[in-house]
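Trainee: Enclosed is the structure file run21.txt (compact mmCIF, C-alpha atoms).
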# COMPACT_ATOMS: atom_id res chain seq x y z
CA MET A 1 11.28 69.23 37.45
CA SER A 2 10.44 72.83 36.58
CA ASP A 3 12.93 75.57 35.69
CA SER A 4 12.31 77.17 39.08
CA ASP A 5 13.08 73.93 40.89
CA ARG A 6 16.32 73.59 38.94
CA LEU A 7 17.22 77.19 39.76
CA ALA A 8 16.40 76.55 43.42
CA GLN A 9 18.73 73.55 43.46
CA SER A 10 21.46 75.65 41.90
CA ALA A 11 20.83 78.45 44.42
CA ALA A 12 21.07 75.91 47.25
CA GLN A 13 24.61 75.19 46.07
CA GLY A 14 25.51 78.85 46.50
CA ASN A 15 24.65 80.19 43.05
CA VAL A 16 23.43 83.72 43.82
CA ALA A 17 22.68 84.41 40.13
CA ALA A 18 20.22 81.49 40.15
CA PHE A 19 18.49 82.96 43.20
CA ALA A 20 18.37 86.37 41.50
CA GLU A 21 16.56 84.74 38.59
CA LEU A 22 14.09 83.16 41.02
CA VAL A 23 13.40 86.58 42.52
CA ARG A 24 12.70 88.02 39.07
CA LEU A 25 10.46 85.08 38.12
CA HIS A 26 8.37 84.95 41.28
CA GLN A 27 8.24 88.50 42.61
CA GLY A 28 5.07 89.49 40.74
CA LYS A 29 2.94 86.60 41.94
CA LEU A 30 4.18 86.77 45.53
CA ARG A 31 3.70 90.53 45.79
CA ALA A 32 0.19 90.25 44.33
CA PHE A 33 -0.74 87.59 46.89
CA LEU A 34 0.71 89.62 49.75
CA ARG A 35 -1.03 92.79 48.54
CA ARG A 36 -4.34 91.01 48.76
CA MET A 37 -3.44 89.66 52.20
CA ALA A 38 -2.37 93.17 53.29
CA ARG A 39 -5.72 94.52 52.02
CA GLY A 40 -4.14 96.62 49.30
CA ASP A 41 -1.26 98.08 51.32
CA ALA A 42 1.41 97.90 48.60
CA ALA A 43 4.29 99.17 50.75
CA LEU A 44 3.62 96.63 53.48
CA ALA A 45 3.20 93.86 50.92
CA ASP A 46 6.54 94.74 49.29
CA ASP A 47 8.32 94.80 52.66
CA LEU A 48 6.87 91.38 53.46
CA ALA A 49 7.83 90.09 50.01
CA GLN A 50 11.40 91.28 50.53
CA GLU A 51 11.56 89.57 53.93
CA THR A 52 10.14 86.45 52.30
CA PHE A 53 12.87 86.34 49.66
CA LEU A 54 15.62 86.94 52.23
CA LYS A 55 14.22 84.18 54.42
CA ALA A 56 13.92 81.91 51.37
CA PHE A 57 17.58 82.57 50.54
CA ARG A 58 18.64 81.55 54.04
CA LYS A 59 16.46 78.44 53.94
CA ILE A 60 16.96 77.48 50.29
CA GLY A 61 18.90 74.36 51.34
CA GLN A 62 15.72 73.09 53.01
CA PHE A 63 13.67 73.32 49.81
CA ARG A 64 12.68 69.86 48.64
CA SER A 65 11.01 69.38 45.30
CA GLU A 66 7.96 67.70 46.92
CA GLY A 67 5.95 70.84 46.14
CA THR A 68 6.77 73.61 43.70
CA PHE A 69 9.16 76.44 44.49
CA ALA A 70 6.23 78.87 44.12
CA SER A 71 4.17 77.07 46.78
CA TRP A 72 7.18 76.88 49.13
CA LEU A 73 7.76 80.60 48.66
CA THR A 74 4.08 81.41 49.19
CA GLN A 75 4.17 79.35 52.39
CA ILE A 76 7.01 81.51 53.72
CA GLY A 77 5.22 84.67 52.57
CA TYR A 78 1.97 83.72 54.27
CA SER A 79 3.82 82.89 57.48
CA ARG A 80 5.59 86.30 57.36
CA TYR A 81 2.23 87.99 56.87
CA LEU A 82 0.71 86.17 59.88
CA MET A 83 3.70 87.08 62.06
CA HIS A 84 3.40 90.72 61.03
CA ALA A 85 -0.37 90.76 61.56
CA ARG A 86 -0.01 89.22 65.04
CA LYS A 87 2.77 91.60 66.02
CA HIS A 88 0.95 94.70 64.87
CA LYS A 89 -2.55 93.43 65.64
CA LEU A 90 -3.69 94.32 62.13
CA GLU A 91 -6.61 91.95 62.06
CA PRO A 92 -8.28 89.50 64.43
CA LEU A 93 -6.56 86.21 63.66
CA ASP A 94 -8.42 83.85 65.98
CA GLU A 95 -10.75 81.41 64.29
CA ALA A 96 -13.80 82.48 66.28
CA SER A 97 -13.78 86.10 65.15
CA GLU A 98 -16.55 87.29 62.90
CA PRO A 99 -15.96 89.25 59.72
CA SER A 100 -15.77 92.96 60.40
CA ARG A 101 -18.74 94.92 59.12
CA GLU A 102 -18.00 98.13 60.88
CA THR A 103 -18.17 101.18 58.66
CA GLU A 104 -21.64 102.51 58.16
CA GLY A 105 -20.94 104.05 54.79
CA ALA A 106 -19.45 100.92 53.39
CA LEU A 107 -22.51 98.93 54.42
CA HIS A 108 -24.58 100.87 51.97
CA ALA A 109 -22.03 100.92 49.22
CA LYS A 110 -21.75 98.17 46.71
CA LEU A 111 -18.48 96.45 47.47
CA ASP A 112 -16.19 95.16 44.85
CA LEU A 113 -14.39 91.88 45.25
CA GLU A 114 -11.22 93.32 46.76
CA ALA A 115 -13.17 95.30 49.32
CA ALA A 116 -15.26 92.24 50.20
CA LEU A 117 -12.17 90.06 50.54
CA ALA A 118 -10.55 92.72 52.70
CA ARG A 119 -13.41 92.40 55.16
CA ILE A 120 -13.36 88.67 55.74
CA HIS A 121 -11.08 86.73 58.07
CA PRO A 122 -7.49 86.63 56.71
CA ALA A 123 -7.38 82.82 56.74
CA LYS A 124 -10.51 82.71 54.59
CA ARG A 125 -9.06 85.42 52.33
CA ALA A 126 -5.89 83.40 51.90
CA ALA A 127 -7.81 80.16 51.29
CA LEU A 128 -10.00 81.75 48.61
CA THR A 129 -7.06 83.46 46.94
CA LEU A 130 -4.89 80.35 46.88
CA CYS A 131 -7.64 77.99 45.68
CA PHE A 132 -9.28 80.29 43.14
CA ALA A 133 -6.96 83.04 41.90
CA GLU A 134 -3.73 81.09 42.26
CA GLY A 135 -5.17 77.74 41.23
CA TYR A 136 -3.72 75.61 44.01
CA SER A 137 -5.46 72.38 44.97
CA HIS A 138 -7.04 72.18 48.42
CA GLU A 139 -4.18 69.96 49.57
CA GLU A 140 -1.53 72.39 48.35
CA ALA A 141 -3.33 75.37 49.89
CA ALA A 142 -3.66 73.54 53.22
CA LYS A 143 0.08 72.84 53.15
CA ILE A 144 0.92 76.46 52.32
CA MET A 145 -1.28 77.70 55.17
CA ASN A 146 -0.10 74.94 57.50
CA ILE A 147 -3.64 73.93 58.46
CA PRO A 148 -5.58 70.65 58.20
CA LEU A 149 -7.34 69.93 54.92
CA GLY A 150 -10.77 69.99 56.57
CA THR A 151 -10.13 73.45 58.01
CA LEU A 152 -9.04 74.70 54.61
CA LYS A 153 -12.20 73.39 52.97
CA SER A 154 -14.26 75.02 55.69
CA HIS A 155 -12.46 78.34 55.13
CA VAL A 156 -13.17 78.13 51.41
CA LEU A 157 -16.87 77.36 51.88
CA ARG A 158 -17.49 79.93 54.60
CA GLY A 159 -15.28 82.54 52.98
CA ARG A 160 -17.13 82.24 49.69
CA GLU A 161 -20.44 82.54 51.49
CA GLU A 162 -19.30 85.67 53.33
CA VAL A 163 -17.98 87.27 50.14
CA ARG A 164 -21.24 86.48 48.39
CA GLU A 165 -23.18 88.15 51.21
CA LEU A 166 -20.93 91.21 51.16
CA LEU A 167 -21.18 91.58 47.41
CA SER A 168 -24.94 91.41 47.48
CA ALA A 169 -25.28 93.88 50.38
CA MET B 1 -24.55 83.93 41.56
CA THR B 2 -22.25 81.20 42.87
CA ASP B 3 -20.88 80.53 39.39
CA ASP B 4 -20.37 84.25 38.80
CA LEU B 5 -18.65 84.55 42.15
CA ASP B 6 -16.38 81.60 41.38
CA LEU B 7 -15.44 83.23 38.09
CA LEU B 8 -14.76 86.50 39.86
CA LEU B 9 -12.64 84.81 42.51
CA SER B 10 -10.74 82.84 39.87
CA ARG B 11 -9.58 85.99 38.12
CA PRO B 12 -5.76 85.94 38.27
CA LEU B 13 -4.26 88.55 40.58
CA ASP B 14 -2.75 91.59 38.90
CA ALA B 15 0.99 91.11 39.32
CA PRO B 16 2.66 94.46 40.02
CA HIS B 17 5.51 95.56 37.75
CA ASP B 18 8.99 94.80 39.02
CA ALA B 19 9.85 98.53 39.27
CA ALA B 20 13.30 97.81 40.75
CA PHE B 21 11.83 95.50 43.38
CA ALA B 22 14.13 92.62 42.38
CA ALA B 23 17.13 94.97 42.42
CA ARG B 24 16.15 96.16 45.90
CA VAL B 25 15.90 92.56 47.15
CA LEU B 26 19.23 91.61 45.59
CA GLY B 27 20.90 94.70 47.07
CA GLU B 28 19.61 93.76 50.50
CA LEU B 29 20.75 90.18 49.89
CA GLY B 30 24.28 91.44 49.15
CA ARG B 31 24.29 93.50 52.36
CA MET B 32 23.00 90.49 54.30
CA GLN B 33 25.78 88.30 52.90
CA ALA B 34 28.44 90.93 53.68
CA ARG B 35 27.08 91.15 57.24
CA ASP B 36 27.15 87.36 57.55
CA ASP B 37 30.75 87.28 56.23
CA ARG B 38 31.83 89.89 58.80
CA ILE B 39 30.18 87.96 61.62
CA TRP B 40 31.83 84.75 60.37
CA ALA B 41 35.27 86.39 60.21
CA ALA B 42 34.83 87.97 63.65
CA SER B 43 33.78 84.62 65.11
CA TRP B 44 36.91 82.99 63.68
CA ALA B 45 39.10 85.78 65.04
CA VAL B 46 37.59 85.43 68.52
CA ALA B 47 37.99 81.65 68.37
CA ALA B 48 41.62 82.05 67.25
CA CYS B 49 42.32 84.44 70.15
CA PHE B 50 40.94 81.91 72.63
CA VAL B 51 43.03 79.13 71.13
CA LEU B 52 46.18 81.29 71.19
CA ALA B 53 45.48 82.26 74.80
CA LEU B 54 45.35 78.59 75.75
CA LEU B 55 48.54 77.58 73.91
CA PRO B 56 51.81 77.34 75.93
CA MET B 57 53.54 80.44 74.53
CA THR B 58 55.97 81.25 77.35
CA ASN B 59 59.10 80.89 75.20
CA ALA B 60 57.55 82.14 71.99
CA GLY B 61 58.88 85.71 72.34
CA ALA B 62 62.42 84.49 72.91
CA MET B 63 62.17 82.15 69.91
CA VAL B 64 60.98 84.97 67.64
CA ALA B 65 63.78 87.28 68.82
CA LEU B 66 66.43 84.59 68.25
CA SER B 67 65.12 83.80 64.74
CA ALA B 68 65.01 87.49 63.86
CA SER B 69 68.62 88.08 64.96
CA GLN B 70 69.79 85.02 63.05
CA LEU B 71 67.98 86.17 59.90
CA ALA B 72 69.34 89.69 60.23
CA THR B 73 72.95 88.42 60.09
CA SER B 74 72.34 85.88 57.31
CA ILE B 75 73.93 86.91 53.98
CA PRO B 76 71.87 84.47 51.82
CA PHE B 77 68.68 85.88 53.39
CA ALA B 78 69.83 89.46 52.66
CA ILE B 79 70.60 88.59 49.04
CA GLY B 80 67.18 86.88 48.68
CA ILE B 81 65.38 89.94 50.03
CA ALA B 82 67.40 92.22 47.74
CA LEU B 83 66.52 90.11 44.69
CA LEU B 84 62.83 90.08 45.63
CA SER B 85 62.83 93.87 46.07
CA LEU B 86 64.60 94.47 42.75
CA SER B 87 62.27 92.16 40.84
CA TRP B 88 59.24 93.81 42.44
CA ILE B 89 60.54 97.30 41.47
CA TYR B 90 61.22 96.05 37.91
CA MET B 91 57.70 94.53 37.59
CA ASP B 92 56.06 97.65 38.97
CA ALA B 93 58.00 99.84 36.51
CA GLY B 94 56.95 97.55 33.63
CA ALA B 95 53.29 97.75 34.67
CA ALA B 96 53.54 101.55 34.90
CA VAL B 97 54.89 101.72 31.33
CA ARG B 98 52.08 99.40 30.04
CA ILE B 99 49.25 101.45 31.53
CA GLY B 100 50.96 104.73 30.57
CA ARG B 101 51.45 106.14 34.06
Transcribe the structure of this file into structure tokens.
Mentor:
Amino acid sequence: MSDSDRLAQSAAQGNVAAFAELVRLHQGKLRAFLRRMARGDAALADDLAQETFLKAFRKIGQFRSEGTFASWLTQIGYSRYLMHARKHKLEPLDEASEPSRETEGALHAKLDLEAALARIHPAKRAALTLCFAEGYSHEEAAKIMNIPLGTLKSHVLRGREEVRELLSA
Amino acid sequence: MTDDLDLLLSRPLDAPHDAAFAARVLGELGRMQARDDRIWAASWAVAACFVLALLPMTNAGAMVALSASQLATSIPFAIGIALLSLSWIYMDAGAAVRIGR
């Protein structure tokens, strides 16, 4: 059992100091993930991260050490992001939607990775980020995103292909 | 290209500095708990009012008045209250001397 899992167990018994330590330990990684999901909008990402921690505090009794605390927290964060995106119609979230390739200027510019990731479907962006940058296994990433393993693998393959195309444009 | 892309994608995300983020979350957590406590206390108060409203309290006022009049004429009760008051005044004066009031 990791230190975070022990702290989470302590927090579940009402130890607020243990939860404060969890916030300090995990805030950087969660905020970075949400910033990428929010396509670089730091203020939005921080608001979502704060909501995530508050939700995690309310639900800490439900945390089971089947996965890691970090993956459980990321799962809540991703779900908060999806709720926000649906509510504010930030991005097309249906599976059938194509990646947006709208701005004429950007088509001619060489895109960096963040810009390319910002232009693909959010589920593919999340799948690539979780499996590559965050180092989760496909199974863990599928659990975090609450999607079947096959769908996750498809998101990874197609997402990588789309990013490759965008980077070589 | 694919290998390069995989390397690029595998680059760890740049974690932003805390910059009082944790403090902000913990402050909000404290406010959330205080709010929850107030709601909890208010719920108990409302529940207690309902319970009291349902209890048979028709003679309660008379019982309180009778007890109060009996206590008011009781010499042992008066002496007890006097002793409590004197000891409280004595303790308060002692505390005032200790903290240099």
Trainee: Within 12 Å of chain A, which residues of chain B show up? Give each one with its shortest atom-to-atom distance in Å (one decimal) and the two atoms involved, counting all atoms listed in the file, rows by chain then rising residue number, as a Markdown table.
Mentor:
| residue | atom | partner | partner_atom | distance |
| --- | --- | --- | --- | --- |
| B:Met1 | CA | A:Arg164 | CA | 8.0 |
| B:Thr2 | CA | A:Arg164 | CA | 7.7 |
| B:Asp3 | CA | A:Arg164 | CA | 10.8 |
| B:Asp4 | CA | A:Arg164 | CA | 9.9 |
| B:Leu5 | CA | A:Arg164 | CA | 7.0 |
| B:Asp6 | CA | A:Phe132 | CA | 7.4 |
| B:Leu7 | CA | A:Phe132 | CA | 8.5 |
| B:Leu8 | CA | A:Leu113 | CA | 7.6 |
| B:Leu9 | CA | A:Phe132 | CA | 5.7 |
| B:Ser10 | CA | A:Ala133 | CA | 4.3 |
| B:Arg11 | CA | A:Ala133 | CA | 5.5 |
| B:Pro12 | CA | A:Ala133 | CA | 4.8 |
| B:Leu13 | CA | A:Ala32 | CA | 6.1 |
| B:Asp14 | CA | A:Ala32 | CA | 6.3 |
| B:Ala15 | CA | A:Gly28 | CA | 4.6 |
| B:Pro16 | CA | A:Gly28 | CA | 5.6 |
| B:His17 | CA | A:Gly28 | CA | 6.8 |
| B:Asp18 | CA | A:Gly28 | CA | 6.8 |
| B:Ala19 | CA | A:Gly28 | CA | 10.3 |
| B:Ala20 | CA | A:Arg24 | CA | 10.0 |
| B:Phe21 | CA | A:Gln27 | CA | 7.9 |
| B:Ala22 | CA | A:Arg24 | CA | 5.8 |
| B:Ala23 | CA | A:Ala20 | CA | 8.7 |
| B:Arg24 | CA | A:Gln50 | CA | 8.2 |
| B:Val25 | CA | A:Gln50 | CA | 5.8 |
| B:Leu26 | CA | A:Ala20 | CA | 6.7 |
| B:Gly27 | CA | A:Ala20 | CA | 10.3 |
| B:Glu28 | CA | A:Leu54 | CA | 8.1 |
| B:Leu29 | CA | A:Leu54 | CA | 6.5 |
| B:Gly30 | CA | A:Val16 | CA | 9.4 |
| B:Arg31 | CA | A:Leu54 | CA | 10.9 |
| B:Met32 | CA | A:Leu54 | CA | 8.4 |
| B:Gln33 | CA | A:Arg58 | CA | 9.9 |
| B:Asp36 | CA | A:Arg58 | CA | 10.9 |
Trainee: Would you save the residues from that selection as a PDB file, keeping the file's coordinate frame, using C-alpha atoms?
Mentor:
ATOM      1  CA  MET B   1     -24.550  83.930  41.560  1.00  0.00           C
ATOM      2  CA  THR B   2     -22.250  81.200  42.870  1.00  0.00           C
ATOM      3  CA  ASP B   3     -20.880  80.530  39.390  1.00  0.00           C
ATOM      4  CA  ASP B   4     -20.370  84.250  38.800  1.00  0.00           C
ATOM      5  CA  LEU B   5     -18.650  84.550  42.150  1.00  0.00           C
ATOM      6  CA  ASP B   6     -16.380  81.600  41.380  1.00  0.00           C
ATOM      7  CA  LEU B   7     -15.440  83.230  38.090  1.00  0.00           C
ATOM      8  CA  LEU B   8     -14.760  86.500  39.860  1.00  0.00           C
ATOM      9  CA  LEU B   9     -12.640  84.810  42.510  1.00  0.00           C
ATOM     10  CA  SER B  10     -10.740  82.840  39.870  1.00  0.00           C
ATOM     11  CA  ARG B  11      -9.580  85.990  38.120  1.00  0.00           C
ATOM     12  CA  PRO B  12      -5.760  85.940  38.270  1.00  0.00           C
ATOM     13  CA  LEU B  13      -4.260  88.550  40.580  1.00  0.00           C
ATOM     14  CA  ASP B  14      -2.750  91.590  38.900  1.00  0.00           C
ATOM     15  CA  ALA B  15       0.990  91.110  39.320  1.00  0.00           C
ATOM     16  CA  PRO B  16       2.660  94.460  40.020  1.00  0.00           C
ATOM     17  CA  HIS B  17       5.510  95.560  37.750  1.00  0.00           C
ATOM     18  CA  ASP B  18       8.990  94.800  39.020  1.00  0.00           C
ATOM     19  CA  ALA B  19       9.850  98.530  39.270  1.00  0.00           C
ATOM     20  CA  ALA B  20      13.300  97.810  40.750  1.00  0.00           C
ATOM     21  CA  PHE B  21      11.830  95.500  43.380  1.00  0.00           C
ATOM     22  CA  ALA B  22      14.130  92.620  42.380  1.00  0.00           C
ATOM     23  CA  ALA B  23      17.130  94.970  42.420  1.00  0.00           C
ATOM     24  CA  ARG B  24      16.150  96.160  45.900  1.00  0.00           C
ATOM     25  CA  VAL B  25      15.900  92.560  47.150  1.00  0.00           C
ATOM     26  CA  LEU B  26      19.230  91.610  45.590  1.00  0.00           C
ATOM     27  CA  GLY B  27      20.900  94.700  47.070  1.00  0.00           C
ATOM     28  CA  GLU B  28      19.610  93.760  50.500  1.00  0.00           C
ATOM     29  CA  LEU B  29      20.750  90.180  49.890  1.00  0.00           C
ATOM     30  CA  GLY B  30      24.280  91.440  49.150  1.00  0.00           C
ATOM     31  CA  ARG B  31      24.290  93.500  52.360  1.00  0.00           C
ATOM     32  CA  MET B  32      23.000  90.490  54.300  1.00  0.00           C
ATOM     33  CA  GLN B  33      25.780  88.300  52.900  1.00  0.00           C
ATOM     34  CA  ASP B  36      27.150  87.360  57.550  1.00  0.00           C
TER      35      ASP B  36
END
Trainee: When you draw a straight line from atom CA of A:Phe63 to atom CA of A:Ala8, how long is it in Å?
Mentor: 7.7 Å
Trainee: Please measure the separation of atom CA of B:Ala65 and atom CA of B:Trp88, giving the value in Å to one decimal.
Mentor: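 Between atom CA of B:Ala65 and atom CA of B:Trp88 the gap is 27.6 Å.
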Trainee: In Å, rounded to a single decimal, give me how far atom CA of A:Phe69 is from atom CA of A:Ser10.
Mentor: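 Result for atom CA of A:Ser10 versus atom CA of A:Phe69: 12.6 Å, one decimal.
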Trainee: What would stretch 47-78 of chain B look like with N, CA and C atoms restored, written as an mmCIF file, in the coordinates of the input?
Mentor:
data_model
loop_
_atom_site.group_PDB
_atom_site.id
_atom_site.type_symbol
_atom_site.label_atom_id
_atom_site.label_comp_id
_atom_site.auth_asym_id
_atom_site.auth_seq_id
_atom_site.Cartn_x
_atom_site.Cartn_y
_atom_site.Cartn_z
ATOM 1 N N ALA B 47 37.626 83.040 68.088
ATOM 2 C CA ALA B 47 37.990 81.650 68.370
ATOM 3 C C ALA B 47 39.517 81.486 68.353
ATOM 4 N N ALA B 48 40.159 82.135 67.361
ATOM 5 C CA ALA B 48 41.620 82.050 67.250
ATOM 6 C C ALA B 48 42.292 82.665 68.469
ATOM 7 N N CYS B 49 41.756 83.791 68.953
ATOM 8 C CA CYS B 49 42.320 84.440 70.150
ATOM 9 C C CYS B 49 42.237 83.511 71.358
ATOM 10 N N PHE B 50 41.101 82.840 71.496
ATOM 11 C CA PHE B 50 40.940 81.910 72.630
ATOM 12 C C PHE B 50 41.940 80.780 72.531
ATOM 13 N N VAL B 51 42.102 80.251 71.317
ATOM 14 C CA VAL B 51 43.030 79.130 71.130
ATOM 15 C C VAL B 51 44.458 79.590 71.444
ATOM 16 N N LEU B 52 44.821 80.771 70.933
ATOM 17 C CA LEU B 52 46.180 81.290 71.190
ATOM 18 C C LEU B 52 46.404 81.525 72.688
ATOM 19 N N ALA B 53 45.357 81.990 73.357
ATOM 20 C CA ALA B 53 45.480 82.260 74.800
ATOM 21 C C ALA B 53 45.722 80.964 75.577
ATOM 22 N N LEU B 54 45.209 79.871 75.037
ATOM 23 C CA LEU B 54 45.350 78.590 75.750
ATOM 24 C C LEU B 54 46.658 77.869 75.418
ATOM 25 N N LEU B 55 47.307 78.265 74.309
ATOM 26 C CA LEU B 55 48.540 77.580 73.910
ATOM 27 C C LEU B 55 49.699 77.952 74.846
ATOM 28 N N PRO B 56 50.635 77.018 75.092
ATOM 29 C CA PRO B 56 51.810 77.340 75.930
ATOM 30 C C PRO B 56 52.788 78.204 75.134
ATOM 31 N N MET B 57 52.755 79.506 75.350
ATOM 32 C CA MET B 57 53.540 80.440 74.530
ATOM 33 C C MET B 57 54.640 81.134 75.352
ATOM 34 N N THR B 58 55.047 80.538 76.462
ATOM 35 C CA THR B 58 55.970 81.250 77.350
ATOM 36 C C THR B 58 57.305 81.579 76.676
ATOM 37 N N ASN B 59 57.796 80.650 75.833
ATOM 38 C CA ASN B 59 59.100 80.890 75.200
ATOM 39 C C ASN B 59 58.980 81.456 73.795
ATOM 40 N N ALA B 60 57.752 81.732 73.385
ATOM 41 C CA ALA B 60 57.550 82.140 71.990
ATOM 42 C C ALA B 60 58.273 83.436 71.665
ATOM 43 N N GLY B 61 58.229 84.415 72.577
ATOM 44 C CA GLY B 61 58.880 85.710 72.340
ATOM 45 C C GLY B 61 60.379 85.543 72.144
ATOM 46 N N ALA B 62 60.972 84.718 73.005
ATOM 47 C CA ALA B 62 62.420 84.490 72.910
ATOM 48 C C ALA B 62 62.773 83.812 71.589
ATOM 49 N N MET B 63 61.897 82.870 71.164
ATOM 50 C CA MET B 63 62.170 82.150 69.910
ATOM 51 C C MET B 63 62.114 83.102 68.721
ATOM 52 N N VAL B 64 61.126 84.003 68.739
ATOM 53 C CA VAL B 64 60.980 84.970 67.640
ATOM 54 C C VAL B 64 62.191 85.891 67.590
ATOM 55 N N ALA B 65 62.630 86.368 68.761
ATOM 56 C CA ALA B 65 63.780 87.280 68.820
ATOM 57 C C ALA B 65 65.037 86.606 68.294
ATOM 58 N N LEU B 66 65.240 85.342 68.688
ATOM 59 C CA LEU B 66 66.430 84.590 68.250
ATOM 60 C C LEU B 66 66.419 84.412 66.732
ATOM 61 N N SER B 67 65.227 84.009 66.196
ATOM 62 C CA SER B 67 65.120 83.800 64.740
ATOM 63 C C SER B 67 65.379 85.096 64.005
ATOM 64 N N ALA B 68 64.842 86.194 64.526
ATOM 65 C CA ALA B 68 65.010 87.490 63.860
ATOM 66 C C ALA B 68 66.475 87.891 63.830
ATOM 67 N N SER B 69 67.202 87.690 64.935
ATOM 68 C CA SER B 69 68.620 88.080 64.960
ATOM 69 C C SER B 69 69.447 87.211 64.029
ATOM 70 N N GLN B 70 69.057 85.911 63.957
ATOM 71 C CA GLN B 70 69.790 85.020 63.050
ATOM 72 C C GLN B 70 69.558 85.416 61.598
ATOM 73 N N LEU B 71 68.310 85.764 61.276
ATOM 74 C CA LEU B 71 67.980 86.170 59.900
ATOM 75 C C LEU B 71 68.689 87.476 59.532
ATOM 76 N N ALA B 72 68.741 88.377 60.507
ATOM 77 C CA ALA B 72 69.340 89.690 60.230
ATOM 78 C C ALA B 72 70.815 89.574 59.872
ATOM 79 N N THR B 73 71.521 88.569 60.385
ATOM 80 C CA THR B 73 72.950 88.420 60.090
ATOM 81 C C THR B 73 73.212 87.408 58.986
ATOM 82 N N SER B 74 72.156 86.905 58.351
ATOM 83 C CA SER B 74 72.340 85.880 57.310
ATOM 84 C C SER B 74 72.518 86.536 55.944
ATOM 85 N N ILE B 75 73.652 86.307 55.307
ATOM 86 C CA ILE B 75 73.930 86.910 53.980
ATOM 87 C C ILE B 75 73.018 86.321 52.905
ATOM 88 N N PRO B 76 72.796 84.984 52.845
ATOM 89 C CA PRO B 76 71.870 84.470 51.820
ATOM 90 C C PRO B 76 70.466 85.079 51.948
ATOM 91 N N PHE B 77 70.013 85.286 53.189
ATOM 92 C CA PHE B 77 68.680 85.880 53.390
ATOM 93 C C PHE B 77 68.657 87.321 52.857
ATOM 94 N N ALA B 78 69.742 88.066 53.129
ATOM 95 C CA ALA B 78 69.830 89.460 52.660
ATOM 96 C C ALA B 78 69.812 89.517 51.141
#
